[in-house]
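**Student:** I'd like to ask you about the structure that follows.
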Amino acid sequence: MQIASWNVNSLNVRLPHLSEWLGQRQPDIVGIQETKLEDDRFPEDALLELGYRSVFSGQKTYNGVALLSRLSAQDVQTGVPGLDDPQRRAIAASYVDASGTSTRVINLYVVNGKAVGDEKYDYKLRWLEAVQAWIADELSRHPRLVVIGDFNIAPDDRDVHDPAAWAGEILCSEPERDALRSILDLGLHDSFRLHCAEGGHFSWWDYRAAGFRRNLGLRIDLVLVSDALRGACRAAGIDREPRTWERPSDHTPVWAEFGS
DNA sequence: ATGGCGTACACCGTACGA
């Protein structure tokens with residue numbers, strides 16, 4: 001089983017890329033972020049033709065998340081419980097395989113935060129606190145939990161092309177990293193780091209200043225797995241190829257593979 | 001160099017992203 005995450009930066013623009021990549025990678029479950037589509041415009045039929053069912057929570061222009069899967073989604077939750085938030089940034093669902101094993105997946109589009117000290121930064125930290133409480137609750141009910149998404153936090157300096165330049169900046173500041181660490185401390189593991197310890201592997205590059213060509217990137221898109229799934233995680237990776245395609249998203253897909 | 005590029009909505013510019 002493969003579970004993946006991709007910030008597509010407009011599903012309307014990126015549907016051809018998503019279709020191409022789904023055919024190549026053939027993931028079982030995919031969380032996508034920044035769909036930027038109201039629900040009545042979600043391309044449900046086009047994805048069904050590719051073999052994927054969808055659940056989604058979107059809005060015009062900004063944000064928007066969805067889960068695509070070969071199996072049907074159960075117990076779908078949209079939004080962060082207890083958080084009164086018009087921004088569509090969270091969706092969760094359960095998937096039960098042929099043997100009756102259930103896996104819970106939470107897909108997040110974490111707040112960017114704009115700049116340390118900005119009011120959006122405060123919203124980011126408050127949002128992460130609510131998400132942490134939600135994940136704790138989900139973990140207590142679903143030991144097989146995977147939390148995926150655009151976290152908008154580089155976990156440590158290995159995940160930053162120029163740690164000195166980014167030190168203390170948005171996406172790298174200590175309060176953000178502390179918030180991510182608190183979530184991991186609930187009993188989750190960064191699947192990429194279960195298989196690769198070296199730095200220099202990124203999932204996002206700025207459109208500006210030839211960021212991709214110069215590999216000026218960050219690793220901010222993550223697949224987190226619970227203790228119960230850690231031993232089953234056979235591989236994890238980042239698909240750089242879609243970033244080379246014409247008119248790409250600024251993020252690439254990330255994925256983790258699980259054995260039975 | 002508070003730029004640069006891309007998307008959306010709408011207006012011929014502004015908001016936002018990371």
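We name chains A, B, ... following the order of the structure tokens; residues begin at 1 in each chain, and ligands are numbered from 1 as shown.
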Provide as a list in words the residues of chain B at most 9 Å from chain A, counting only C-alpha atoms (C1' of nucleotides).
**Tutor:**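 Written out as asked, the residues are DG4, DC5, DG6, DT7, DA8, DC9, DC16, DG17 and DA18 of chain B.
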**Student:** Skip Asp85 of chain A itself and residues of its chain fewer than 6 positions away, then list as a ChimeraX atom specification all residues within 12 Å of it, counting only C-alpha atoms (C1' of nucleotides).
**Tutor:** /A:63,78-79,111,123-124,126-127,130
**Student:** When DSSP is applied to the backbone of this structure, which of segment 6-255 of chain A are assigned strand (DSSP E)? Write them out as a count of residues only.
**Tutor:** 64
**Student:** Using backbone DSSP assignments, extract all helix (DSSP H, G or I) residues from segment 92-135 of chain A; output them as number ranges by chain.
**Tutor:** A: 119-135
**Student:** Can those selected residues be exported to a file as a PDB file, in the first residue's frame so that it contains N, CA and C atoms?
**Tutor:**
```
ATOM      1  N   GLU A 119       0.356  38.336  12.269  1.00  0.00           N
ATOM      2  CA  GLU A 119      -0.850  37.744  12.873  1.00  0.00           C
ATOM      3  C   GLU A 119      -1.155  36.375  12.262  1.00  0.00           C
ATOM      4  N   LYS A 120      -0.744  36.172  10.999  1.00  0.00           N
ATOM      5  CA  LYS A 120      -0.929  34.849  10.385  1.00  0.00           C
ATOM      6  C   LYS A 120      -0.022  33.796  11.028  1.00  0.00           C
ATOM      7  N   TYR A 121       1.104  34.234  11.538  1.00  0.00           N
ATOM      8  CA  TYR A 121       2.015  33.338  12.260  1.00  0.00           C
ATOM      9  C   TYR A 121       1.351  32.875  13.560  1.00  0.00           C
ATOM     10  N   ASP A 122       0.711  33.798  14.267  1.00  0.00           N
ATOM     11  CA  ASP A 122      -0.004  33.431  15.491  1.00  0.00           C
ATOM     12  C   ASP A 122      -1.134  32.448  15.185  1.00  0.00           C
ATOM     13  N   TYR A 123      -1.845  32.729  14.078  1.00  0.00           N
ATOM     14  CA  TYR A 123      -2.902  31.803  13.637  1.00  0.00           C
ATOM     15  C   TYR A 123      -2.307  30.426  13.347  1.00  0.00           C
ATOM     16  N   LYS A 124      -1.138  30.385  12.718  1.00  0.00           N
ATOM     17  CA  LYS A 124      -0.465  29.114  12.418  1.00  0.00           C
ATOM     18  C   LYS A 124      -0.214  28.322  13.697  1.00  0.00           C
ATOM     19  N   LEU A 125       0.328  28.975  14.714  1.00  0.00           N
ATOM     20  CA  LEU A 125       0.656  28.272  15.961  1.00  0.00           C
ATOM     21  C   LEU A 125      -0.609  27.827  16.692  1.00  0.00           C
ATOM     22  N   ARG A 126      -1.642  28.683  16.687  1.00  0.00           N
ATOM     23  CA  ARG A 126      -2.924  28.281  17.306  1.00  0.00           C
ATOM     24  C   ARG A 126      -3.533  27.098  16.556  1.00  0.00           C
ATOM     25  N   TRP A 127      -3.474  27.159  15.230  1.00  0.00           N
ATOM     26  CA  TRP A 127      -4.031  26.096  14.386  1.00  0.00           C
ATOM     27  C   TRP A 127      -3.317  24.775  14.661  1.00  0.00           C
ATOM     28  N   LEU A 128      -1.992  24.846  14.790  1.00  0.00           N
ATOM     29  CA  LEU A 128      -1.209  23.634  15.057  1.00  0.00           C
ATOM     30  C   LEU A 128      -1.534  23.054  16.432  1.00  0.00           C
ATOM     31  N   GLU A 129      -1.818  23.912  17.406  1.00  0.00           N
ATOM     32  CA  GLU A 129      -2.210  23.411  18.734  1.00  0.00           C
ATOM     33  C   GLU A 129      -3.518  22.639  18.659  1.00  0.00           C
ATOM     34  N   ALA A 130      -4.482  23.174  17.911  1.00  0.00           N
ATOM     35  CA  ALA A 130      -5.767  22.485  17.755  1.00  0.00           C
ATOM     36  C   ALA A 130      -5.579  21.170  17.004  1.00  0.00           C
ATOM     37  N   VAL A 131      -4.716  21.175  15.993  1.00  0.00           N
ATOM     38  CA  VAL A 131      -4.445  19.960  15.223  1.00  0.00           C
ATOM     39  C   VAL A 131      -3.778  18.905  16.108  1.00  0.00           C
ATOM     40  N   GLN A 132      -2.868  19.354  16.980  1.00  0.00           N
ATOM     41  CA  GLN A 132      -2.204  18.410  17.881  1.00  0.00           C
ATOM     42  C   GLN A 132      -3.230  17.704  18.769  1.00  0.00           C
ATOM     43  N   ALA A 133      -4.174  18.464  19.321  1.00  0.00           N
ATOM     44  CA  ALA A 133      -5.217  17.858  20.169  1.00  0.00           C
ATOM     45  C   ALA A 133      -6.074  16.891  19.361  1.00  0.00           C
ATOM     46  N   TRP A 134      -6.360  17.268  18.126  1.00  0.00           N
ATOM     47  CA  TRP A 134      -7.164  16.400  17.248  1.00  0.00           C
ATOM     48  C   TRP A 134      -6.422  15.085  16.967  1.00  0.00           C
ATOM     49  N   ILE A 135      -5.128  15.198  16.626  1.00  0.00           N
ATOM     50  CA  ILE A 135      -4.353  13.994  16.316  1.00  0.00           C
ATOM     51  C   ILE A 135      -4.262  13.086  17.540  1.00  0.00           C
TER      52      ILE A 135
END
```
**Student:** With only C-alpha atoms as the atoms that count, which of A:Asp221, A:Glu198, A:Glu169, A:Glu176 lies nearest to Ile148 of chain A?
**Tutor:**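 Distance minimum relative to Ile148 of chain A lands on A:Asp221.
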